[in-house]
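Participant: start_26.cif (mmCIF, C-alpha atoms) pasted underneath:
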```cif
data_final
#
loop_
_atom_site.label_atom_id
_atom_site.label_comp_id
_atom_site.auth_asym_id
_atom_site.auth_seq_id
_atom_site.Cartn_x
_atom_site.Cartn_y
_atom_site.Cartn_z
CA MET V 1 6.82 10.11 -35.97
CA ASN V 2 9.17 10.15 -33.02
CA GLU V 3 7.51 7.44 -30.97
CA THR V 4 9.68 7.88 -27.90
CA ALA V 5 8.96 11.61 -27.71
CA LEU V 6 5.24 11.01 -28.17
CA ILE V 7 5.24 8.41 -25.41
CA GLN V 8 7.04 10.80 -23.08
CA ASP V 9 4.59 13.58 -23.87
CA ALA V 10 1.69 11.21 -23.33
CA GLN V 11 3.18 10.17 -20.02
CA ASN V 12 3.13 13.85 -19.06
CA GLY V 13 -0.59 13.96 -19.77
CA ASP V 14 -0.49 15.18 -23.37
CA LEU V 15 -3.61 13.66 -24.90
CA ASP V 16 -2.80 14.91 -28.39
CA ALA V 17 0.50 13.05 -28.35
CA PHE V 18 -1.25 9.90 -27.21
CA ASN V 19 -3.85 10.25 -29.95
CA ARG V 20 -1.08 10.29 -32.55
CA LEU V 21 0.06 6.96 -31.15
CA VAL V 22 -3.53 5.75 -31.30
CA LEU V 23 -3.71 6.55 -35.00
CA ALA V 24 -0.49 4.67 -35.58
CA TYR V 25 -1.55 1.49 -33.79
CA GLN V 26 -5.33 1.36 -33.96
CA ASP V 27 -5.40 -1.02 -36.95
CA ALA V 28 -3.08 -3.49 -35.23
CA LEU V 29 -5.08 -3.41 -32.03
CA TYR V 30 -8.41 -3.67 -33.81
CA ASN V 31 -7.26 -6.65 -35.89
CA THR V 32 -5.91 -8.40 -32.83
CA ALA V 33 -9.17 -7.85 -31.00
CA LEU V 34 -11.15 -8.94 -34.03
CA ARG V 35 -9.28 -12.25 -34.31
CA ILE V 36 -9.54 -12.94 -30.59
CA MET V 37 -13.18 -11.89 -30.21
CA GLY V 38 -14.44 -12.99 -33.62
CA ASP V 39 -16.94 -10.14 -33.65
CA GLU V 40 -16.47 -6.69 -35.16
CA ASP V 41 -18.52 -4.71 -32.66
CA GLN V 42 -16.98 -6.40 -29.67
CA ALA V 43 -13.55 -5.94 -31.21
CA ALA V 44 -14.20 -2.21 -31.61
CA ASP V 45 -15.35 -1.96 -28.01
CA ALA V 46 -12.31 -3.86 -26.76
CA THR V 47 -10.01 -1.64 -28.83
CA GLN V 48 -11.56 1.51 -27.41
CA GLU V 49 -11.31 0.14 -23.87
CA ALA V 50 -7.71 -0.81 -24.51
CA PHE V 51 -6.73 2.70 -25.61
CA ILE V 52 -8.51 4.28 -22.66
CA SER V 53 -6.77 1.90 -20.29
CA ALA V 54 -3.45 2.46 -22.04
CA PHE V 55 -3.69 6.22 -21.60
CA ARG V 56 -4.58 5.92 -17.95
CA HIS V 57 -1.70 3.57 -17.26
CA ILE V 58 0.85 4.90 -19.69
CA THR V 59 3.14 5.94 -16.87
CA SER V 60 3.63 2.23 -16.16
CA PHE V 61 5.26 1.79 -19.58
CA ARG V 62 8.96 1.45 -18.85
CA GLY V 63 10.35 1.08 -22.34
CA GLY V 64 10.69 -1.81 -24.74
CA SER V 65 8.22 -2.49 -27.51
CA PHE V 66 5.33 -0.06 -27.27
CA LYS V 67 3.35 -2.16 -29.73
CA ALA V 68 3.75 -5.24 -27.53
CA TRP V 69 2.66 -3.18 -24.52
CA LEU V 70 -0.43 -1.96 -26.37
CA LEU V 71 -1.20 -5.49 -27.56
CA ARG V 72 -1.10 -6.67 -23.98
CA THR V 73 -3.63 -3.99 -23.12
CA VAL V 74 -5.97 -5.03 -25.91
CA THR V 75 -5.54 -8.69 -25.02
CA ASN V 76 -6.56 -7.91 -21.45
CA ALA V 77 -9.55 -5.96 -22.71
CA CYS V 78 -10.57 -8.95 -24.85
CA TYR V 79 -10.20 -11.31 -21.89
CA ASP V 80 -12.38 -9.01 -19.80
CA GLU V 81 -15.01 -8.92 -22.51
CA LEU V 82 -14.90 -12.71 -22.94
CA ARG V 83 -15.30 -13.18 -19.20
CA ARG V 84 -18.30 -10.87 -19.28
CA LYS V 85 -19.74 -12.94 -22.11
CA GLN V 86 -19.26 -16.12 -20.11
CA ARG V 87 -21.11 -14.61 -17.17
CA ARG V 88 -23.93 -13.42 -19.40
CA PRO V 89 -24.14 -15.90 -22.25
CA THR V 90 -26.19 -14.76 -25.19
CA VAL V 91 -28.02 -16.75 -27.82
CA PRO V 92 -26.65 -16.03 -31.27
CA LEU V 93 -29.11 -14.64 -33.72
CA GLU V 94 -29.10 -17.34 -36.35
CA PRO V 95 -30.99 -16.47 -39.52
CA ALA V 96 -34.06 -18.53 -40.23
CA THR V 97 -35.29 -20.09 -43.44
CA ASP V 98 -38.76 -19.66 -44.78
CA ASP V 99 -39.76 -22.62 -42.65
CA GLU V 100 -38.42 -20.77 -39.62
CA GLU V 101 -35.62 -23.25 -39.19
CA GLU V 102 -32.29 -21.82 -38.15
CA ILE V 103 -29.49 -21.93 -40.68
CA GLU V 104 -26.61 -23.53 -38.86
CA SER V 105 -23.92 -22.90 -41.43
CA PRO V 106 -21.52 -20.09 -40.50
CA ARG V 107 -21.69 -18.96 -44.10
CA TRP V 108 -24.63 -16.73 -43.33
CA LEU V 109 -22.14 -14.39 -41.75
CA ALA V 110 -20.79 -13.52 -45.18
CA ASP V 111 -21.23 -10.03 -46.51
CA THR V 112 -24.34 -10.25 -48.69
CA SER V 113 -23.47 -7.10 -50.59
CA MET V 114 -21.00 -9.17 -52.64
CA SER V 115 -21.80 -11.71 -55.28
CA PRO V 116 -21.61 -15.38 -54.34
CA GLU V 117 -18.48 -15.81 -56.44
CA GLN V 118 -16.79 -12.93 -54.73
CA ILE V 119 -17.85 -14.23 -51.38
CA ALA V 120 -16.42 -17.62 -52.22
CA GLU V 121 -13.14 -16.16 -53.39
CA ALA V 122 -12.57 -13.36 -50.92
CA ASP V 123 -14.27 -14.24 -47.71
CA GLU V 124 -14.34 -17.98 -47.41
CA LEU V 125 -10.74 -18.20 -46.41
CA GLU V 126 -11.15 -15.54 -43.77
CA HIS V 127 -14.35 -17.05 -42.46
CA ALA V 128 -12.88 -20.52 -42.37
CA ILE V 129 -9.83 -19.30 -40.48
CA GLN V 130 -11.90 -17.24 -38.08
CA HIS V 131 -14.13 -20.24 -37.51
CA CYS V 132 -11.09 -22.36 -36.63
CA LEU V 133 -9.64 -19.58 -34.47
CA ASN V 134 -12.90 -19.32 -32.57
CA ALA V 135 -12.76 -23.04 -31.90
CA LEU V 136 -9.44 -22.63 -30.07
CA PRO V 137 -9.23 -22.01 -26.34
CA THR V 138 -8.73 -18.31 -25.66
CA ASP V 139 -5.16 -18.69 -24.42
CA PHE V 140 -4.12 -20.62 -27.53
CA ARG V 141 -5.99 -18.21 -29.80
CA THR V 142 -4.27 -15.22 -28.27
CA VAL V 143 -0.82 -16.71 -28.73
CA VAL V 144 -1.40 -17.72 -32.33
CA VAL V 145 -2.94 -14.33 -33.17
CA LEU V 146 0.00 -12.47 -31.67
CA ALA V 147 2.57 -14.76 -33.30
CA ASP V 148 1.18 -15.52 -36.72
CA ILE V 149 -1.11 -12.56 -37.41
CA GLN V 150 0.67 -9.73 -35.60
CA GLY V 151 4.11 -11.23 -36.17
CA LEU V 152 5.37 -10.75 -32.62
CA ASP V 153 8.45 -12.56 -31.45
CA TYR V 154 8.16 -15.25 -28.77
CA SER V 155 9.71 -13.01 -26.14
CA GLU V 156 7.38 -10.14 -27.07
CA ILE V 157 4.38 -12.45 -26.74
CA ALA V 158 5.64 -13.66 -23.38
CA ASP V 159 6.01 -10.06 -22.33
CA SER V 160 2.62 -9.09 -23.73
CA ILE V 161 0.58 -11.70 -21.95
CA ARG V 162 2.97 -12.21 -19.03
CA THR V 163 3.42 -15.90 -19.63
CA PRO V 164 6.64 -17.94 -19.52
CA LEU V 165 8.43 -18.47 -22.81
CA GLY V 166 8.11 -22.26 -22.56
CA THR V 167 4.36 -21.96 -22.23
CA ILE V 168 4.23 -19.69 -25.27
CA LYS V 169 6.09 -22.31 -27.36
CA SER V 170 3.83 -25.07 -26.16
CA ARG V 171 0.62 -23.11 -26.70
CA LEU V 172 1.69 -22.00 -30.15
CA ALA V 173 2.46 -25.57 -31.21
CA ARG V 174 -0.85 -26.84 -29.85
CA ALA V 175 -2.74 -23.98 -31.46
CA ARG V 176 -1.14 -24.63 -34.85
CA LEU V 177 -1.84 -28.34 -34.50
CA ARG V 178 -5.51 -27.72 -33.79
CA LEU V 179 -5.76 -25.16 -36.56
CA ARG V 180 -4.26 -27.66 -38.96
CA GLU V 181 -6.86 -30.26 -38.00
CA CYS V 182 -9.69 -27.74 -38.25
CA LEU V 183 -8.56 -26.22 -41.53
CA GLN V 184 -8.41 -29.63 -43.16
CA ASP V 185 -12.20 -29.57 -43.13
CA PHE V 186 -12.12 -26.38 -45.18
CA TRP V 187 -9.33 -27.32 -47.52
CA GLU V 188 -11.63 -27.61 -50.53
CA LEU V 189 -12.96 -24.15 -49.76
CA LEU V 190 -9.60 -22.48 -49.98
CA PRO V 191 -8.97 -20.12 -52.86
CA ALA V 192 -7.34 -21.47 -55.98
CA ALA V 193 -4.11 -19.62 -55.35
CA PHE V 194 -3.74 -21.25 -52.03
CA ARG V 195 -4.58 -24.67 -53.38
CA LEU V 196 -1.72 -24.26 -55.82
CA GLU V 197 0.48 -23.42 -52.89
CA ASP V 198 -0.94 -26.49 -51.23
CA GLY V 199 0.02 -28.54 -54.25
CA SER V 200 3.55 -27.26 -54.16
CA ARG V 201 4.38 -28.88 -50.88
CA VAL V 202 7.99 -29.56 -50.31
CA MET O 1 7.02 -44.11 -40.33
CA THR O 2 6.47 -43.27 -36.69
CA GLN O 3 3.53 -41.82 -34.79
CA THR O 4 4.04 -38.07 -34.42
CA SER O 5 4.06 -37.02 -30.78
CA PHE O 6 3.26 -33.59 -29.39
CA ARG O 7 6.92 -33.17 -28.63
CA ASP O 8 7.61 -33.61 -32.35
CA VAL O 9 4.94 -31.04 -33.20
CA GLU O 10 6.46 -28.60 -30.76
CA GLN O 11 9.88 -29.08 -32.30
CA LEU O 12 8.42 -28.66 -35.79
CA SER O 13 6.72 -25.43 -34.70
CA LEU O 14 10.03 -24.14 -33.35
CA LEU O 15 11.77 -25.12 -36.56
CA LEU O 16 9.12 -23.23 -38.49
CA ASP O 17 9.89 -20.08 -36.52
CA GLU O 18 13.65 -20.70 -36.72
CA LYS O 19 13.88 -20.94 -32.95
CA LEU O 20 15.94 -24.14 -32.86
CA ASN O 21 19.69 -24.05 -32.58
CA PRO O 22 21.49 -25.06 -35.76
CA ALA O 23 22.38 -28.55 -34.56
CA ASP O 24 18.82 -29.40 -33.53
CA ALA O 25 17.44 -27.84 -36.68
CA ALA O 26 19.73 -29.95 -38.86
CA ARG O 27 18.81 -33.11 -36.98
CA LEU O 28 15.10 -32.40 -37.27
CA GLU O 29 15.32 -31.56 -40.95
CA ALA O 30 17.03 -34.90 -41.53
CA GLN O 31 14.16 -36.61 -39.69
CA ILE O 32 11.61 -34.72 -41.78
CA ALA O 33 13.33 -35.86 -44.95
CA ALA O 34 13.22 -39.47 -43.79
CA ASP O 35 9.78 -39.58 -42.17
CA LEU O 36 6.81 -38.92 -44.46
CA GLU O 37 4.33 -38.40 -41.64
CA LEU O 38 6.59 -35.91 -39.91
CA ARG O 39 6.98 -34.13 -43.21
CA ALA O 40 3.22 -34.00 -43.75
CA VAL O 41 2.71 -32.54 -40.28
CA TYR O 42 5.44 -29.98 -40.85
CA ASP O 43 3.87 -28.93 -44.16
CA ASP O 44 0.44 -28.61 -42.59
CA LEU O 45 1.80 -26.46 -39.79
CA ARG O 46 3.62 -24.31 -42.29
CA GLN O 47 0.48 -23.88 -44.37
CA SER O 48 -1.63 -23.08 -41.34
CA ARG O 49 0.81 -20.36 -40.41
CA ALA O 50 0.86 -19.12 -43.99
CA LEU O 51 -2.93 -18.97 -44.01
CA LEU O 52 -2.98 -16.92 -40.85
CA ARG O 53 -0.43 -14.55 -42.31
CA ARG O 54 -2.59 -14.16 -45.39
CA LEU O 55 -5.51 -12.96 -43.39
CA PRO O 56 -6.38 -9.48 -44.60
CA GLN O 57 -5.62 -6.69 -42.16
CA ARG O 58 -8.85 -4.85 -41.64
CA ARG O 59 -8.86 -1.12 -41.25
CA ALA O 60 -10.22 0.09 -37.96
CA PRO O 61 -13.92 0.90 -38.46
CA ARG O 62 -13.42 4.32 -36.89
CA ASN O 63 -10.81 6.40 -35.19
CA PHE O 64 -10.19 5.39 -31.60
CA THR O 65 -8.61 8.68 -30.60
CA LEU O 66 -9.59 9.74 -27.11
CA LYS O 67 -11.49 12.81 -26.05
CA PRO O 68 -10.65 14.33 -22.68
CA SER O 69 -14.03 13.31 -21.31
CA ALA O 70 -13.52 9.69 -22.39
CA ALA O 71 -10.02 9.60 -20.99
CA ARG O 72 -11.26 11.30 -17.83
CA VAL O 73 -8.29 13.54 -17.99
CA ARG O 74 -8.16 16.23 -15.32
CA PRO O 75 -6.16 19.37 -15.70
CA PRO O 76 -3.04 19.78 -13.62
CA LEU O 77 -3.71 21.05 -10.11
CA PRO O 78 -3.33 24.77 -9.47
CA ARG O 79 0.04 25.55 -7.98
CA LEU O 80 -1.33 26.80 -4.68
CA PHE O 81 -3.89 24.01 -4.33
CA PRO O 82 -1.72 21.70 -2.18
CA THR O 83 -0.74 24.61 0.09
CA PHE O 84 -4.33 25.67 0.69
CA ARG O 85 -5.43 22.09 1.11
CA LEU O 86 -2.73 21.45 3.70
CA ALA O 87 -3.58 24.67 5.54
CA SER O 88 -7.23 23.71 5.60
CA ALA O 89 -6.44 20.24 6.90
CA LEU O 90 -4.17 21.57 9.66
CA ALA O 91 -6.65 24.25 10.71
CA SER O 92 -9.45 21.67 10.81
CA LEU O 93 -7.32 19.38 12.93
CA LEU O 94 -6.41 22.14 15.37
CA LEU O 95 -10.02 23.24 15.49
CA PHE O 96 -11.11 19.75 16.37
CA PHE O 97 -8.57 19.44 19.17
CA SER O 98 -9.44 22.89 20.50
CA LEU O 99 -13.11 22.04 20.69
CA ALA O 100 -12.35 18.69 22.27
CA THR O 101 -10.05 20.31 24.83
CA ASN O 102 -12.59 22.99 25.70
CA ALA O 103 -15.28 20.37 26.10
CA THR O 104 -13.38 17.90 28.24
CA LEU O 105 -10.87 19.81 30.37
CA PRO O 106 -13.34 21.94 32.42
CA ARG O 107 -15.40 18.83 33.12
CA LEU O 108 -12.34 16.93 34.31
CA ALA O 109 -11.29 19.86 36.48
CA SER O 110 -14.70 20.13 38.14
CA MET O 111 -14.65 16.41 38.84
CA ALA O 112 -11.26 16.78 40.49
CA ASN O 113 -12.56 19.59 42.76
CA GLN O 114 -15.49 17.58 44.07
CA PRO O 115 -15.20 16.09 47.66
CA PRO O 116 -14.36 12.41 47.85
CA LEU O 117 -17.31 10.11 47.66
CA HIS O 118 -16.91 8.31 51.01
CA ALA O 119 -20.09 6.31 50.57
CA TYR O 120 -18.21 3.91 48.35
CA GLY O 121 -15.04 3.47 50.43
CA MET O 122 -13.83 0.33 52.21
CA GLY O 123 -14.13 1.29 55.84
CA GLY O 124 -13.16 4.88 55.25
CA GLY O 125 -16.62 6.30 55.65
CA GLY O 126 -18.51 7.73 58.58
CA PRO O 127 -20.20 5.63 61.17
CA ASP O 128 -23.67 5.99 59.77
CA VAL O 129 -22.65 4.71 56.45
CA GLU O 130 -20.71 1.89 57.97
CA ARG O 131 -23.63 0.91 60.00
CA ALA O 132 -25.93 1.00 57.10
CA GLN O 133 -23.61 -1.13 55.04
CA GLY O 134 -22.52 -3.44 57.83
CA GLY O 135 -18.87 -3.09 56.93
CA GLY O 136 -15.87 -1.21 58.19
CA GLY O 137 -14.51 -3.09 61.17
CA SER O 138 -15.00 -0.31 63.74
CA SER O 139 -15.30 -0.91 67.45
CA GLU O 140 -19.06 -0.99 67.58
CA ASP O 141 -19.01 -3.81 65.10
CA SER O 142 -16.78 -5.80 67.42
CA ALA O 143 -19.13 -5.07 70.24
CA ALA O 144 -22.06 -6.06 68.15
CA MET O 145 -20.36 -9.32 67.38
CA ASP O 146 -20.15 -10.08 71.11
CA MET O 147 -23.80 -9.53 71.52
CA PRO O 148 -26.10 -12.44 71.21
CA ALA O 149 -27.20 -13.07 67.74
CA ALA O 150 -30.29 -11.21 66.78
CA PRO O 151 -31.32 -12.76 63.56
CA ALA O 152 -33.93 -11.32 61.31
CA GLU O 153 -33.78 -8.00 63.14
CA PRO O 154 -34.18 -5.02 60.93
CA ALA O 155 -30.82 -3.41 60.49
CA ALA O 156 -32.00 0.18 60.72
CA PRO O 157 -32.84 0.68 64.39
CA ALA O 158 -29.98 -1.40 65.77
CA PRO O 159 -27.10 0.98 64.95
CA GLU O 160 -28.55 3.76 67.06
CA GLU O 161 -27.75 2.09 70.38
CA PRO O 162 -24.24 0.76 69.82
CA ALA O 163 -23.06 4.26 69.18
CA GLU O 164 -23.48 4.89 72.84
CA LYS O 165 -22.10 1.56 73.86
CA THR O 166 -18.81 2.04 72.13
CA VAL O 167 -17.89 4.83 74.44
CA GLU O 168 -18.74 2.84 77.54
CA PRO O 169 -15.63 1.55 79.22
CA GLU O 170 -17.60 -1.26 80.79
CA ALA O 171 -18.16 -2.91 77.51
CA GLU O 172 -16.37 -6.16 77.31
CA PRO O 173 -13.50 -5.88 74.94
CA THR O 174 -13.01 -8.66 72.51
CA MET O 175 -9.67 -10.29 72.19
CA GLY O 176 -9.01 -8.69 68.86
CA VAL O 177 -9.45 -5.14 70.08
CA ALA O 178 -7.98 -5.53 73.60
CA ALA O 179 -4.77 -3.77 72.73
CA LEU O 180 -6.42 -0.82 71.11
CA PRO O 181 -6.50 2.50 72.93
CA PRO O 182 -9.69 3.38 74.65
CA VAL O 183 -12.39 4.13 72.26
CA ALA O 184 -13.58 7.05 74.28
CA GLU O 185 -10.61 9.06 73.08
CA ALA O 186 -11.80 8.96 69.53
CA GLN O 187 -13.41 12.19 68.42
CA PRO O 188 -16.86 11.80 67.04
CA TYR O 189 -16.97 12.14 63.30
CA GLU O 190 -18.54 15.25 62.09
CA GLU O 191 -19.68 15.12 58.52
CA PRO O 192 -19.80 18.52 56.96
CA LEU O 193 -23.15 19.52 55.77
CA PRO O 194 -23.59 19.78 52.05
CA GLU O 195 -24.21 23.49 52.24
CA MET O 196 -20.86 23.96 53.94
CA LEU O 197 -18.95 22.61 50.91
CA PRO O 198 -17.38 25.31 48.77
CA GLU O 199 -19.05 25.63 45.42
CA PRO O 200 -16.43 24.80 42.68
CA GLU O 201 -15.84 27.74 40.47
CA PRO O 202 -16.62 27.09 36.78
CA MET O 203 -13.32 26.75 34.93
CA ALA O 204 -12.74 28.95 31.95
CA PRO O 205 -12.14 27.08 28.63
CA PRO O 206 -8.41 26.60 28.19
CA ILE O 207 -8.48 27.61 24.50
CA PRO O 208 -9.88 31.11 24.15
CA GLY O 209 -12.96 31.46 22.05
CA TRP O 210 -11.42 33.94 19.64
CA LEU O 211 -8.74 31.38 18.78
CA VAL O 212 -11.33 28.69 18.10
CA TRP O 213 -13.20 31.06 15.84
CA LEU O 214 -10.00 32.02 14.09
CA LEU O 215 -9.20 28.36 13.43
CA ALA O 216 -12.69 27.74 12.11
CA ILE O 217 -12.49 30.70 9.76
CA LEU O 218 -9.01 29.68 8.63
CA ALA O 219 -10.13 26.10 7.91
CA ALA O 220 -13.16 27.21 5.97
CA ALA O 221 -11.35 29.94 4.06
CA SER O 222 -8.35 27.86 3.03
CA GLY O 223 -10.51 24.86 2.08
CA GLY O 224 -12.87 27.03 0.12
CA THR O 225 -10.02 28.76 -1.68
CA ALA O 226 -8.44 25.43 -2.59
CA PHE O 227 -11.60 24.01 -4.06
CA PHE O 228 -12.52 27.24 -5.80
CA ALA O 229 -9.10 27.34 -7.45
CA ARG O 230 -9.54 23.72 -8.52
CA TRP O 231 -13.00 24.37 -9.90
CA LEU O 232 -11.79 27.46 -11.74
CA THR O 233 -8.91 25.55 -13.33
CA ASP O 234 -11.21 22.71 -14.34
CA ARG O 235 -13.61 25.11 -15.95
CA ARG O 236 -10.95 27.04 -17.80
CA TRP O 237 -9.39 23.78 -18.99
CA GLN O 238 -12.69 22.38 -20.20
CA THR O 239 -13.48 25.58 -22.03
CA GLY O 240 -10.05 25.49 -23.64
CA SER O 241 -10.34 21.85 -24.69
CA LYS O 242 -13.66 22.46 -26.41
CA LYS O 243 -12.13 25.10 -28.66
#
```
What does the file become when written as structure tokens?
Facilitator:
Amino acid sequence: MNETALIQDAQNGDLDAFNRLVLAYQDALYNTALRIMGDEDQAADATQEAFISAFRHITSFRGGSFKAWLLRTVTNACYDELRRKQRRPTVPLEPATDDEEEIESPRWLADTSMSPEQIAEADELEHAIQHCLNALPTDFRTVVVLADIQGLDYSEIADSIRTPLGTIKSRLARARLRLRECLQDFWELLPAAFRLEDGSRV
Amino acid sequence: MTQTSFRDVEQLSLLLDEKLNPADAARLEAQIAADLELRAVYDDLRQSRALLRRLPQRRAPRNFTLKPSAARVRPPLPRLFPTFRLASALASLLLFFSLATNATLPRLASMANQPPLHAYGMGGGGPDVERAQGGGGSSEDSAAMDMPAAPAEPAAPAPEEPAEKTVEPEAEPTMGVAALPPVAEAQPYEEPLPEMLPEPEPMAPPIPGWLVWLLAILAAASGGTAFFARWLTDRRWQTGSKK
């Protein structure tokens, strides 16, 4: 895939060329949205909005990392969605027990099509991390998602969310510090492989 | 063992991402080796980052490719669209000015041909008007001023008599009008009767009617052609994109 040629064609209004770029980056954008939003449906909506916005404003792309540019678009879409949520707060649908008491544990979010053992092994880590990510302020969460999940460089993150480099460093450190404190509560839930890694501390 | 500050955490985070210069990195690594708490924090940060990196990358639940309707993409404009649009705009503008000119210029011209409205002048009007308004400063006024005051007299009958008096040489001149030539030499003012005034001829519209019609037709035709071409292109493009 010649990305530069596709971008140029898309800038000339070629929707097919843009859709090839969509196919190349949709997983990255969806995962970023999912980690920032913490909800699959909202992440899908934000991803779709991001691609629509990206196509409409693709002429403003002046080179550099196209992935970083797209990630900025999806980050903005997530921020918009989060702001909408703040204006119209919703009550989460907690499952109820037989006594009609709400189950407060986040574990109910687990995929019930899997066995409990599988859930414990495959999903607990992800749920624990997502729980800790959700506890972060949005700005911190965005930086840590872009840096540690998407693997962007500091300068690319600064470019993506239009924030000074010094602020990126500071936010990333604070986010990792808070994640560390939060994840300590889930340490015993981590998979065995990771506990071994935990035991092999330098 | 020292209390780990946020500054330390920030430095540890930078060390983790290899963003420190070699000298600072070496100094910090030496501190980590010596300080157990700093080392524990560094390990926790490293593990937190490793955990995040281990998060499974989900596949997108569906394809997010865009359809033309979702992207609100419009086909390129027909080549002649800007020309027709400009022609329509210019013709409309000229039409507007033509109509405005035809509506205002004849009215202005007829106003200019009308006789001056002396009833509203400052002393420039005829004697009747001056008398009725009590202004003007003519000779009969001076004479009237010399007369004994007649307060609360109705103003209407009084002016009839002084008209005669002004021409009498026996009238005592006031000091202010002593040097004036005899009033008797003044010709009596003859106001033309309204029926004697020439009727102003209605002015023909400055922009001929055929030109106004031509501009109107041109504006409508060019605008209609532009939008029809646009609609046709849109339709052809939508039909093509559905295939």
Participant: Translate the PyMOL selection byres ((chain O) within 10 of (chain V)), as applied to the file shown, into an explicit residue set as a PDB file with C-alpha atoms, in the coordinates of the input.
Facilitator:
```
ATOM      1  CA  PHE O   6       3.260 -33.590 -29.390  1.00  0.00           C
ATOM      2  CA  ARG O   7       6.920 -33.170 -28.630  1.00  0.00           C
ATOM      3  CA  ASP O   8       7.610 -33.610 -32.350  1.00  0.00           C
ATOM      4  CA  VAL O   9       4.940 -31.040 -33.200  1.00  0.00           C
ATOM      5  CA  GLU O  10       6.460 -28.600 -30.760  1.00  0.00           C
ATOM      6  CA  GLN O  11       9.880 -29.080 -32.300  1.00  0.00           C
ATOM      7  CA  LEU O  12       8.420 -28.660 -35.790  1.00  0.00           C
ATOM      8  CA  SER O  13       6.720 -25.430 -34.700  1.00  0.00           C
ATOM      9  CA  LEU O  14      10.030 -24.140 -33.350  1.00  0.00           C
ATOM     10  CA  ASP O  17       9.890 -20.080 -36.520  1.00  0.00           C
ATOM     11  CA  LYS O  19      13.880 -20.940 -32.950  1.00  0.00           C
ATOM     12  CA  ALA O  33      13.330 -35.860 -44.950  1.00  0.00           C
ATOM     13  CA  ARG O  39       6.980 -34.130 -43.210  1.00  0.00           C
ATOM     14  CA  ALA O  40       3.220 -34.000 -43.750  1.00  0.00           C
ATOM     15  CA  VAL O  41       2.710 -32.540 -40.280  1.00  0.00           C
ATOM     16  CA  TYR O  42       5.440 -29.980 -40.850  1.00  0.00           C
ATOM     17  CA  ASP O  43       3.870 -28.930 -44.160  1.00  0.00           C
ATOM     18  CA  ASP O  44       0.440 -28.610 -42.590  1.00  0.00           C
ATOM     19  CA  LEU O  45       1.800 -26.460 -39.790  1.00  0.00           C
ATOM     20  CA  ARG O  46       3.620 -24.310 -42.290  1.00  0.00           C
ATOM     21  CA  GLN O  47       0.480 -23.880 -44.370  1.00  0.00           C
ATOM     22  CA  SER O  48      -1.630 -23.080 -41.340  1.00  0.00           C
ATOM     23  CA  ARG O  49       0.810 -20.360 -40.410  1.00  0.00           C
ATOM     24  CA  ALA O  50       0.860 -19.120 -43.990  1.00  0.00           C
ATOM     25  CA  LEU O  51      -2.930 -18.970 -44.010  1.00  0.00           C
ATOM     26  CA  LEU O  52      -2.980 -16.920 -40.850  1.00  0.00           C
ATOM     27  CA  ARG O  53      -0.430 -14.550 -42.310  1.00  0.00           C
ATOM     28  CA  ARG O  54      -2.590 -14.160 -45.390  1.00  0.00           C
ATOM     29  CA  LEU O  55      -5.510 -12.960 -43.390  1.00  0.00           C
ATOM     30  CA  PRO O  56      -6.380  -9.480 -44.600  1.00  0.00           C
ATOM     31  CA  GLN O  57      -5.620  -6.690 -42.160  1.00  0.00           C
ATOM     32  CA  ARG O  58      -8.850  -4.850 -41.640  1.00  0.00           C
ATOM     33  CA  ARG O  59      -8.860  -1.120 -41.250  1.00  0.00           C
ATOM     34  CA  ALA O  60     -10.220   0.090 -37.960  1.00  0.00           C
ATOM     35  CA  PRO O  61     -13.920   0.900 -38.460  1.00  0.00           C
ATOM     36  CA  ARG O  62     -13.420   4.320 -36.890  1.00  0.00           C
ATOM     37  CA  ASN O  63     -10.810   6.400 -35.190  1.00  0.00           C
ATOM     38  CA  PHE O  64     -10.190   5.390 -31.600  1.00  0.00           C
ATOM     39  CA  THR O  65      -8.610   8.680 -30.600  1.00  0.00           C
ATOM     40  CA  LEU O  66      -9.590   9.740 -27.110  1.00  0.00           C
ATOM     41  CA  LYS O  67     -11.490  12.810 -26.050  1.00  0.00           C
ATOM     42  CA  PRO O  68     -10.650  14.330 -22.680  1.00  0.00           C
ATOM     43  CA  ALA O  70     -13.520   9.690 -22.390  1.00  0.00           C
ATOM     44  CA  ALA O  71     -10.020   9.600 -20.990  1.00  0.00           C
ATOM     45  CA  ARG O  72     -11.260  11.300 -17.830  1.00  0.00           C
ATOM     46  CA  VAL O  73      -8.290  13.540 -17.990  1.00  0.00           C
ATOM     47  CA  ARG O  74      -8.160  16.230 -15.320  1.00  0.00           C
ATOM     48  CA  PRO O  75      -6.160  19.370 -15.700  1.00  0.00           C
ATOM     49  CA  PRO O  76      -3.040  19.780 -13.620  1.00  0.00           C
TER      50      PRO O  76
END
```
Participant: Could you list as a PyMOL selection string every residue that has an atom within 8 Å of (-12.4, 27.2, 14.3), using the file's coordinates and counting all atoms listed in the file?
Facilitator: chain O and resi 91-92+94-96+211-219
Participant: Would you pick out the contacts of V:Leu82 at 12 Å or less, using all atoms listed in the file, so that residues sharing its chain but fewer than 6 positions from it are not included, and give the list as an NGL selection string?
Facilitator: :V and (33 or 36-39 or 42-43 or 45-46 or 75-76 or 88-90 or 134 or 137-139)
Participant: For stretch 12-25 of chain V, what centre and edge lengths in Å (one decimal) does the axis-aligned box get once 8 Å is added on each side of all its listed atoms, as lines of an AutoDock Vina configuration file?
Facilitator:
```
center_x = -0.4
center_y = 8.3
center_z = -27.3
size_x = 23.0
size_y = 29.7
size_z = 32.5
```
Participant: Using only C-alpha atoms, find the one residue out of V:Ser155, V:Thr167, V:Thr142, V:Ser160 that sits nearest to V:Trp69.
Facilitator: V:Ser160
